[in-house]
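> The file below is target-v9.csv, CSV, C-alpha atoms:
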```
chain,number,residue,atom,x,y,z
T,1,ASN,CA,0.0,0.0,0.0
T,2,TYR,CA,1.9,3.1,-1.2
T,3,ASN,CA,-0.5,5.5,0.5
T,4,LYS,CA,0.6,4.5,4.0
T,5,ASN,CA,4.0,5.0,5.4
T,6,VAL,CA,5.8,2.3,7.3
T,7,SER,CA,5.3,3.0,11.0
T,8,SER,CA,7.2,0.2,12.5
T,9,ALA,CA,11.0,0.7,12.7
T,10,GLY,CA,11.3,-3.1,12.8
T,11,ASN,CA,10.3,-3.3,9.2
T,12,ARG,CA,13.2,-1.1,8.2
T,13,ASP,CA,16.9,-1.7,8.3
T,14,ASP,CA,19.0,-0.1,11.1
T,15,ILE,CA,21.5,1.1,8.5
T,16,ALA,CA,19.0,3.6,7.3
T,17,GLU,CA,19.1,5.2,10.8
T,18,ILE,CA,22.9,5.8,10.7
T,19,ASP,CA,24.0,9.4,9.9
T,20,ASP,CA,25.8,9.4,6.5
T,21,ASN,CA,28.2,12.0,7.9
T,22,ASP,CA,29.1,10.0,11.0
T,23,VAL,CA,32.7,9.1,11.0
T,24,GLY,CA,33.2,9.1,14.8
T,25,GLU,CA,33.5,6.2,17.2
T,26,LYS,CA,32.5,2.9,15.7
T,27,ARG,CA,29.2,1.6,17.1
T,28,ARG,CA,29.3,-1.8,15.5
T,29,LEU,CA,31.9,-4.2,14.0
T,30,ALA,CA,32.6,-4.3,10.3
T,31,PHE,CA,31.0,-7.3,8.7
T,32,LEU,CA,34.3,-9.1,8.2
T,33,ASP,CA,35.4,-8.4,11.8
T,34,LEU,CA,32.0,-9.7,13.0
T,35,MET,CA,32.4,-13.0,11.1
T,36,ILE,CA,35.9,-13.6,12.3
T,37,GLU,CA,35.0,-12.8,15.9
T,38,THR,CA,32.0,-15.1,15.6
T,39,SER,CA,34.2,-17.9,14.1
T,40,HIS,CA,36.7,-17.4,16.9
T,41,TYR,CA,34.2,-17.7,19.8
T,42,ASN,CA,31.7,-20.1,18.1
T,43,PRO,CA,33.5,-22.2,15.5
T,44,SER,CA,30.4,-24.3,14.9
T,45,GLN,CA,28.4,-21.2,13.9
T,46,ILE,CA,30.4,-20.2,10.8
T,47,SER,CA,33.4,-21.9,9.1
T,48,ASP,CA,36.4,-20.3,7.3
T,49,ASP,CA,34.9,-21.6,4.0
T,50,GLU,CA,31.6,-19.8,4.8
T,51,ILE,CA,33.5,-16.6,5.6
T,52,GLN,CA,35.3,-16.8,2.3
T,53,GLN,CA,32.0,-17.3,0.5
T,54,GLN,CA,30.6,-14.2,2.2
T,55,VAL,CA,33.7,-12.1,1.2
T,56,ASP,CA,33.5,-13.4,-2.4
T,57,THR,CA,29.8,-12.2,-2.5
T,58,ILE,CA,30.6,-8.8,-1.1
T,59,MET,CA,33.5,-8.2,-3.4
T,60,PHE,CA,31.5,-9.2,-6.5
T,61,GLU,CA,28.4,-7.3,-5.5
T,62,GLY,CA,30.4,-4.2,-4.6
T,63,HIS,CA,32.2,-4.2,-8.0
T,64,ASP,CA,29.5,-5.3,-10.5
T,65,THR,CA,26.8,-3.0,-9.2
T,66,THR,CA,28.9,0.2,-8.8
T,67,ALA,CA,30.4,-0.5,-12.2
T,68,ALA,CA,26.9,-0.6,-13.8
T,69,GLY,CA,25.8,2.4,-11.7
T,70,SER,CA,28.7,4.6,-12.7
T,71,SER,CA,28.3,3.6,-16.3
T,72,PHE,CA,24.6,4.6,-16.3
T,73,VAL,CA,25.4,8.0,-14.6
T,74,LEU,CA,28.0,8.7,-17.3
T,75,CYS,CA,25.4,7.8,-19.9
T,76,MET,CA,22.9,10.2,-18.3
T,77,LEU,CA,25.5,13.0,-18.2
T,78,GLY,CA,26.3,12.4,-21.9
T,79,CYS,CA,22.6,12.6,-22.8
T,80,HIS,CA,21.8,15.6,-20.6
T,81,ALA,CA,24.3,18.3,-21.2
T,82,ASP,CA,22.5,20.7,-18.8
T,83,VAL,CA,22.8,18.3,-16.0
T,84,GLN,CA,26.4,17.7,-16.7
T,85,ALA,CA,27.1,21.4,-16.7
T,86,ARG,CA,25.5,21.7,-13.2
T,87,VAL,CA,27.6,18.8,-12.0
T,88,VAL,CA,30.8,20.4,-13.3
T,89,GLN,CA,29.8,23.8,-11.8
T,90,GLU,CA,29.4,22.1,-8.4
T,91,GLN,CA,32.8,20.4,-8.7
T,92,GLN,CA,34.4,23.8,-9.6
T,93,ALA,CA,32.8,25.3,-6.5
T,94,ILE,CA,34.3,22.6,-4.3
T,95,PHE,CA,37.8,22.2,-6.0
T,96,GLY,CA,38.3,25.5,-7.9
T,97,ASP,CA,41.4,25.1,-10.1
T,98,SER,CA,43.0,22.5,-7.8
T,99,THR,CA,43.9,19.0,-9.1
T,100,ARG,CA,44.0,17.5,-5.7
T,101,ASP,CA,42.4,14.1,-4.9
T,102,CYS,CA,38.8,14.0,-3.7
T,103,THR,CA,38.4,13.6,0.1
T,104,PHE,CA,35.5,12.3,2.2
T,105,ALA,CA,34.8,15.9,3.3
T,106,ASP,CA,34.5,16.9,-0.4
T,107,THR,CA,31.9,14.2,-1.1
T,108,LEU,CA,29.6,15.7,1.6
T,109,GLU,CA,29.4,18.9,-0.5
T,110,MET,CA,28.4,17.1,-3.7
T,111,LYS,CA,24.6,17.5,-3.1
T,112,TYR,CA,23.7,17.8,-6.8
T,113,LEU,CA,25.9,15.0,-7.9
T,114,GLU,CA,24.3,12.9,-5.2
T,115,ARG,CA,20.8,13.7,-6.6
T,116,VAL,CA,22.1,12.8,-10.2
T,117,ILE,CA,23.3,9.4,-8.9
T,118,MET,CA,20.1,8.7,-7.0
T,119,GLU,CA,17.9,9.7,-10.0
T,120,THR,CA,20.0,7.5,-12.3
T,121,LEU,CA,19.6,4.6,-9.8
T,122,ARG,CA,15.9,5.2,-9.9
T,123,LEU,CA,15.6,4.9,-13.7
T,124,TYR,CA,18.4,2.4,-14.2
T,125,PRO,CA,18.8,0.3,-11.0
T,126,PRO,CA,21.8,-2.0,-11.4
T,127,VAL,CA,19.6,-4.7,-9.8
T,128,PRO,CA,16.4,-4.4,-11.8
T,129,VAL,CA,14.6,-7.3,-10.1
T,130,ILE,CA,14.9,-9.0,-6.7
T,131,ALA,CA,13.8,-12.6,-6.1
T,132,ARG,CA,12.9,-14.0,-2.7
T,133,LYS,CA,11.6,-17.4,-1.6
T,134,ILE,CA,8.9,-17.3,1.0
T,135,ASN,CA,9.8,-19.6,3.9
T,136,GLN,CA,6.5,-19.1,5.8
T,137,ASP,CA,3.0,-17.9,4.9
T,138,VAL,CA,2.9,-14.1,4.6
T,139,GLN,CA,-0.3,-12.2,5.2
T,140,LEU,CA,-0.3,-9.1,2.9
T,141,ALA,CA,-1.1,-5.8,4.7
T,142,SER,CA,-2.7,-4.1,1.7
T,143,ILE,CA,-5.2,-6.8,0.6
T,144,ASP,CA,-6.8,-9.8,2.2
T,145,SER,CA,-4.5,-12.4,0.7
T,146,VAL,CA,-1.8,-14.7,1.8
T,147,ILE,CA,1.4,-15.7,0.0
T,148,PRO,CA,2.0,-19.4,0.8
T,149,ALA,CA,5.3,-20.7,2.0
T,150,GLY,CA,7.5,-22.1,-0.7
T,151,THR,CA,6.5,-19.4,-3.2
T,152,THR,CA,9.2,-17.5,-5.1
T,153,ILE,CA,8.3,-13.8,-5.5
T,154,ILE,CA,9.8,-11.3,-7.9
T,155,ILE,CA,10.0,-7.6,-6.8
T,156,GLY,CA,10.3,-5.4,-9.8
T,157,THR,CA,12.6,-2.6,-8.8
T,158,PHE,CA,12.6,-1.2,-12.3
T,159,LYS,CA,8.8,-1.0,-12.4
T,160,ILE,CA,8.4,0.3,-8.9
T,161,HIS,CA,10.8,3.2,-9.6
T,162,ARG,CA,8.7,4.2,-12.6
T,163,ARG,CA,5.2,4.3,-10.9
T,164,PRO,CA,3.4,7.5,-11.9
T,165,ASP,CA,1.6,7.6,-8.5
T,166,ILE,CA,5.0,7.9,-6.8
T,167,TYR,CA,7.1,9.8,-9.3
T,168,PRO,CA,5.6,12.6,-11.4
T,169,ASN,CA,6.5,12.1,-15.1
T,170,PRO,CA,8.4,8.9,-14.1
T,171,GLU,CA,10.1,8.3,-17.4
T,172,LYS,CA,11.9,11.7,-17.3
T,173,PHE,CA,15.4,12.0,-15.9
T,174,ASP,CA,15.1,14.7,-13.3
T,175,PRO,CA,17.6,14.9,-10.4
T,176,ASP,CA,15.3,17.3,-8.6
T,177,ASN,CA,13.1,14.3,-7.8
T,178,PHE,CA,15.4,14.0,-4.9
T,179,LEU,CA,15.3,17.5,-3.6
T,180,PRO,CA,14.6,17.4,0.2
T,181,GLU,CA,11.2,19.1,-0.3
T,182,ARG,CA,10.2,16.5,-2.9
T,183,SER,CA,11.5,13.4,-1.1
T,184,ALA,CA,10.5,14.3,2.5
T,185,SER,CA,7.7,11.8,2.9
T,186,PRO,CA,7.8,9.0,0.2
T,187,HIS,CA,6.9,5.5,1.1
T,188,TYR,CA,9.9,3.7,2.5
T,189,TYR,CA,9.7,1.0,-0.2
T,190,SER,CA,9.2,3.3,-3.1
T,191,TYR,CA,12.9,3.7,-3.8
T,192,ILE,CA,14.9,0.4,-3.5
T,193,PRO,CA,18.0,0.4,-5.6
T,194,PHE,CA,19.8,-1.2,-2.7
T,195,SER,CA,16.8,-3.3,-1.7
T,196,ALA,CA,15.3,-2.4,1.7
T,197,GLY,CA,14.4,-3.9,5.1
T,198,PRO,CA,16.6,-6.1,7.3
T,199,ARG,CA,18.3,-7.7,4.3
T,200,SER,CA,19.1,-4.5,2.5
T,201,CYS,CA,22.5,-3.9,1.0
T,202,VAL,CA,25.1,-3.5,3.8
T,203,GLY,CA,27.4,-1.5,1.5
T,204,ARG,CA,25.1,1.2,0.1
T,205,LYS,CA,26.8,4.1,1.9
T,206,TYR,CA,30.2,2.8,0.7
T,207,ALA,CA,28.8,2.5,-2.8
T,208,MET,CA,27.5,6.1,-2.8
T,209,LEU,CA,30.9,7.3,-1.6
T,210,LYS,CA,32.7,5.3,-4.2
T,211,LEU,CA,30.4,6.6,-7.0
T,212,LYS,CA,30.9,10.2,-5.9
T,213,VAL,CA,34.7,9.9,-5.8
T,214,LEU,CA,34.8,8.1,-9.2
T,215,LEU,CA,32.4,10.4,-11.0
T,216,SER,CA,33.9,13.5,-9.5
T,217,THR,CA,37.3,12.5,-10.7
T,218,ILE,CA,36.0,11.8,-14.2
T,219,VAL,CA,34.0,15.0,-14.7
T,220,ARG,CA,36.8,17.1,-13.4
T,221,ASN,CA,39.0,15.8,-16.2
T,222,PHE,CA,36.7,14.9,-19.1
T,223,HIS,CA,33.6,16.1,-20.9
T,224,VAL,CA,31.2,13.3,-21.5
T,225,THR,CA,29.1,12.9,-24.6
T,226,SER,CA,26.7,10.1,-25.8
T,227,THR,CA,26.2,9.0,-29.4
T,228,VAL,CA,23.0,7.2,-28.4
T,229,PRO,CA,20.0,9.2,-27.1
T,230,GLU,CA,18.3,7.8,-24.0
T,231,LYS,CA,15.1,6.8,-26.0
T,232,ASP,CA,17.3,4.3,-28.0
T,233,PHE,CA,18.8,2.6,-25.0
T,234,LYS,CA,18.4,-1.2,-25.2
T,235,LEU,CA,18.3,-2.6,-21.7
T,236,GLN,CA,18.9,-6.2,-20.6
T,237,GLY,CA,18.7,-7.8,-17.2
T,238,ASP,CA,21.9,-9.8,-16.9
T,239,ILE,CA,24.9,-10.6,-14.7
```
Spell out the structure here as structure tokens.


Amino acid sequence: NYNKNVSSAGNRDDIAEIDDNDVGEKRRLAFLDLMIETSHYNPSQISDDEIQQQVDTIMFEGHDTTAAGSSFVLCMLGCHADVQARVVQEQQAIFGDSTRDCTFADTLEMKYLERVIMETLRLYPPVPVIARKINQDVQLASIDSVIPAGTTIIIGTFKIHRRPDIYPNPEKFDPDNFLPERSASPHYYSYIPFSAGPRSCVGRKYAMLKLKVLLSTIVRNFHVTSTVPEKDFKLQGDI
């Protein structure tokens, strides 16, 4: 039900409650540290092979998705010269004529680039669909229906992000969709490029940081053009 906001924090993921700008004292272990510590004190709970599999997954997911995400942003900048000009203007305001490397503090100033990234992830999410197997019966909140255990469900990220009841003119690339006044009270599950809930992406803040640093470095050194207009994009869900 997209007309009703999620009221229970238990349906959300605690990562969403962490301040993006918080670089102070650690309040939790890094995922790898947590697995190693768990293995040390409870060897039967997780093996070294399982830790390696988890690390392999994180390394792959962190590379493939951000590579696709950065490629799509560059495509958008190439197709929308006015947006690219604003991104460059913001970078010049931050760096001036300096050729120094981008820092974490610099990324906090990249408000417009962040909106460009978020809007690109809305229209072209690197993970366009999510599949989940239901382990127990689920009573839907919006209608009187139950999804039976054993069912595999498909969540269409691509389609959710293009719902006209959530995003005005949903097919149009518009970074201002993510201005604070526009995105102040959307439904929690209306924007899910990193999934959502307790099993959402553990690396999304790192991914946004990585995308900002990469894209900042590119646009400070290159002008991006596209030989293919957005209407001629041919999309394919693949790995």

> Take CA of Met76 (chain T) and CA of Thr120 (chain T) and report the distance between them in Å, one decimal.

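Computing it gives 7.2 Å between the two atoms.
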
> Just the residues within 10 Å of Met118 (chain T), please, counting all atoms listed in the file, with nothing from its chain fewer than 4 positions along; format it as a PDB file with C-alpha atoms, keeping the file's coordinate frame.


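Generated output (part.pdb):
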```pdb
ATOM      1  CA  GLY T  69      25.800   2.400 -11.700  1.00  0.00           C
ATOM      2  CA  VAL T  73      25.400   8.000 -14.600  1.00  0.00           C
ATOM      3  CA  TYR T 112      23.700  17.800  -6.800  1.00  0.00           C
ATOM      4  CA  LEU T 113      25.900  15.000  -7.900  1.00  0.00           C
ATOM      5  CA  GLU T 114      24.300  12.900  -5.200  1.00  0.00           C
ATOM      6  CA  ARG T 122      15.900   5.200  -9.900  1.00  0.00           C
ATOM      7  CA  LEU T 123      15.600   4.900 -13.700  1.00  0.00           C
ATOM      8  CA  TYR T 124      18.400   2.400 -14.200  1.00  0.00           C
ATOM      9  CA  PRO T 125      18.800   0.300 -11.000  1.00  0.00           C
ATOM     10  CA  PRO T 175      17.600  14.900 -10.400  1.00  0.00           C
ATOM     11  CA  ASP T 176      15.300  17.300  -8.600  1.00  0.00           C
ATOM     12  CA  ASN T 177      13.100  14.300  -7.800  1.00  0.00           C
ATOM     13  CA  PHE T 178      15.400  14.000  -4.900  1.00  0.00           C
ATOM     14  CA  TYR T 191      12.900   3.700  -3.800  1.00  0.00           C
ATOM     15  CA  PRO T 193      18.000   0.400  -5.600  1.00  0.00           C
ATOM     16  CA  MET T 208      27.500   6.100  -2.800  1.00  0.00           C
TER      17      MET T 208
END
```

> If I take CA of Cys201 (chain T) and CA of Gly150 (chain T), how far is one from the other in Å, to one decimal?

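CA of Cys201 (chain T) sits 23.6 Å away from CA of Gly150 (chain T).
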
> Please indicate the distance in Å from CA of His80 (chain T) to CA of Asp64 (chain T), rounded to one decimal place.

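So the two atoms, CA of His80 (chain T) and CA of Asp64 (chain T), lie 24.5 Å apart.
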
> I'd like a table as a Markdown table: residues in region 158-204 of chain T with an atom no more than 10 Å from region 127-138 of chain T, each row giving the shortest atom pair and its distance in Å to one decimal, all atoms listed in the file counted, sorted by chain and rising residue number.


```
| residue | atom | partner | partner_atom | distance |
| --- | --- | --- | --- | --- |
| T:Phe158 | CA | T:Pro128 | CA | 5.0 |
| T:Lys159 | CA | T:Pro128 | CA | 8.3 |
| T:Ile160 | CA | T:Pro128 | CA | 9.7 |
| T:His161 | CA | T:Pro128 | CA | 9.7 |
| T:Ile192 | CA | T:Val127 | CA | 9.4 |
| T:Pro193 | CA | T:Val127 | CA | 6.8 |
| T:Phe194 | CA | T:Val127 | CA | 7.9 |
| T:Ser195 | CA | T:Ile130 | CA | 7.8 |
```

> List every protein, DNA or RNA residue that has at least one atom no more than 10 Å from (29.8, -6.9, 0.4) in the file's coordinates, counting all atoms listed in the file, and write the result as a PyMOL selection string.

chain T and resi 31-32+54-63+201-204+206-207

> Here is a test: counting all atoms listed in the file, which residue of T:Thr38, T:Gln84, T:Ser190, T:Thr65 is nearest to Phe222 (chain T)?

T:Gln84

> Using all atoms listed in the file, which of the listed residues (T:Met35, T:Ile94, T:Val116, T:Thr225) sits closest to Gln52 (chain T)?

T:Met35

> Using only C-alpha atoms, pick whichever of T:Ile117, T:Pro170, T:Pro180, T:Tyr188 has the shortest atom-to-atom distance to Leu74 (chain T).

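That would be T:Ile117, the residue with the smallest distance to Leu74 (chain T).
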
> I'd like to know which of T:Lys231, T:Pro198, T:Leu211, T:Thr66 is closest to Glu171 (chain T), using only C-alpha atoms.

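When distances to Glu171 (chain T) are compared using only C-alpha atoms, the smallest one comes from T:Lys231.
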
> Counting all atoms listed in the file, which of T:Leu29, T:Val213, T:Ile154, T:Cys75 gets nearest to Thr107 (chain T)?

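Checking each of T:Leu29, T:Val213, T:Ile154, T:Cys75 against Thr107 (chain T), counting all atoms listed in the file, the winner is T:Val213.
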
> Considering all atoms listed in the file, state which residue in the set T:Phe104, T:Pro148, T:Tyr189, T:Leu179 is at the smallest distance from Ile166 (chain T).

T:Tyr189

> Since fewer atoms than expected are present, regenerate N, CA, C and O atoms for region 190-216 of chain T and write them as a compact mmCIF listing (two decimals), in the frame of the given file.


```txt
# COMPACT_ATOMS: atom_id res chain seq x y z
N SER T 190 9.37 2.79 -1.78
CA SER T 190 9.20 3.30 -3.10
C SER T 190 10.47 3.54 -3.87
O SER T 190 10.46 3.79 -5.07
N TYR T 191 11.60 3.47 -3.15
CA TYR T 191 12.90 3.70 -3.80
C TYR T 191 13.85 2.62 -3.21
O TYR T 191 14.29 2.70 -2.06
N ILE T 192 14.14 1.59 -4.01
CA ILE T 192 14.90 0.40 -3.50
C ILE T 192 16.02 -0.03 -4.36
O ILE T 192 16.16 -1.22 -4.64
N PRO T 193 16.90 0.88 -4.82
CA PRO T 193 18.00 0.40 -5.60
C PRO T 193 18.99 -0.46 -4.85
O PRO T 193 19.75 -1.23 -5.45
N PHE T 194 18.96 -0.33 -3.52
CA PHE T 194 19.80 -1.20 -2.70
C PHE T 194 18.98 -2.17 -1.88
O PHE T 194 19.40 -2.63 -0.82
N SER T 195 17.79 -2.51 -2.41
CA SER T 195 16.80 -3.30 -1.70
C SER T 195 16.36 -2.49 -0.45
O SER T 195 16.57 -1.27 -0.40
N ALA T 196 15.75 -3.15 0.53
CA ALA T 196 15.30 -2.40 1.70
C ALA T 196 14.92 -3.46 2.79
O ALA T 196 14.84 -4.65 2.52
N GLY T 197 14.71 -2.97 3.99
CA GLY T 197 14.40 -3.90 5.10
C GLY T 197 15.63 -4.50 5.70
O GLY T 197 16.76 -4.12 5.38
N PRO T 198 15.43 -5.49 6.57
CA PRO T 198 16.60 -6.10 7.30
C PRO T 198 17.63 -6.71 6.41
O PRO T 198 18.77 -6.85 6.82
N ARG T 199 17.27 -7.09 5.17
CA ARG T 199 18.30 -7.70 4.30
C ARG T 199 18.73 -6.73 3.19
O ARG T 199 19.19 -7.15 2.13
N SER T 200 18.63 -5.44 3.46
CA SER T 200 19.10 -4.50 2.50
C SER T 200 20.60 -4.49 2.34
O SER T 200 21.30 -5.07 3.18
N CYS T 201 21.11 -3.84 1.31
CA CYS T 201 22.50 -3.90 1.00
C CYS T 201 23.35 -3.26 2.16
O CYS T 201 23.12 -2.11 2.56
N VAL T 202 24.30 -4.02 2.66
CA VAL T 202 25.10 -3.50 3.80
C VAL T 202 26.16 -2.50 3.29
O VAL T 202 26.76 -1.80 4.09
N GLY T 203 26.35 -2.41 1.97
CA GLY T 203 27.40 -1.50 1.50
C GLY T 203 26.92 -0.31 0.73
O GLY T 203 27.67 0.32 -0.01
N ARG T 204 25.64 0.08 0.94
CA ARG T 204 25.10 1.20 0.10
C ARG T 204 25.78 2.51 0.40
O ARG T 204 25.95 3.31 -0.51
N LYS T 205 26.14 2.78 1.65
CA LYS T 205 26.80 4.10 1.90
C LYS T 205 28.20 4.08 1.33
O LYS T 205 28.65 5.10 0.81
N TYR T 206 28.88 2.93 1.37
CA TYR T 206 30.20 2.80 0.70
C TYR T 206 30.02 2.98 -0.80
O TYR T 206 30.82 3.64 -1.46
N ALA T 207 28.97 2.38 -1.37
CA ALA T 207 28.80 2.50 -2.80
C ALA T 207 28.53 3.92 -3.25
O ALA T 207 29.09 4.37 -4.26
N MET T 208 27.73 4.66 -2.49
CA MET T 208 27.50 6.10 -2.80
C MET T 208 28.78 6.87 -2.73
O MET T 208 29.07 7.73 -3.58
N LEU T 209 29.58 6.59 -1.71
CA LEU T 209 30.90 7.30 -1.60
C LEU T 209 31.79 6.96 -2.73
O LEU T 209 32.42 7.85 -3.32
N LYS T 210 31.84 5.69 -3.09
CA LYS T 210 32.70 5.30 -4.20
C LYS T 210 32.24 5.92 -5.53
O LYS T 210 33.07 6.39 -6.31
N LEU T 211 30.93 5.97 -5.76
CA LEU T 211 30.40 6.60 -7.00
C LEU T 211 30.74 8.07 -7.03
O LEU T 211 31.12 8.60 -8.08
N LYS T 212 30.60 8.75 -5.91
CA LYS T 212 30.90 10.20 -5.90
C LYS T 212 32.38 10.44 -6.20
O LYS T 212 32.71 11.32 -7.01
N VAL T 213 33.27 9.69 -5.58
CA VAL T 213 34.70 9.90 -5.80
C VAL T 213 35.06 9.59 -7.27
O VAL T 213 35.77 10.37 -7.93
N LEU T 214 34.55 8.48 -7.80
CA LEU T 214 34.80 8.10 -9.20
C LEU T 214 34.32 9.12 -10.17
O LEU T 214 35.05 9.60 -11.05
N LEU T 215 33.04 9.47 -10.02
CA LEU T 215 32.40 10.40 -11.00
C LEU T 215 32.98 11.79 -10.87
O LEU T 215 33.15 12.47 -11.88
N SER T 216 33.26 12.21 -9.65
CA SER T 216 33.90 13.50 -9.50
C SER T 216 35.21 13.59 -10.21
O SER T 216 35.51 14.57 -10.92
```
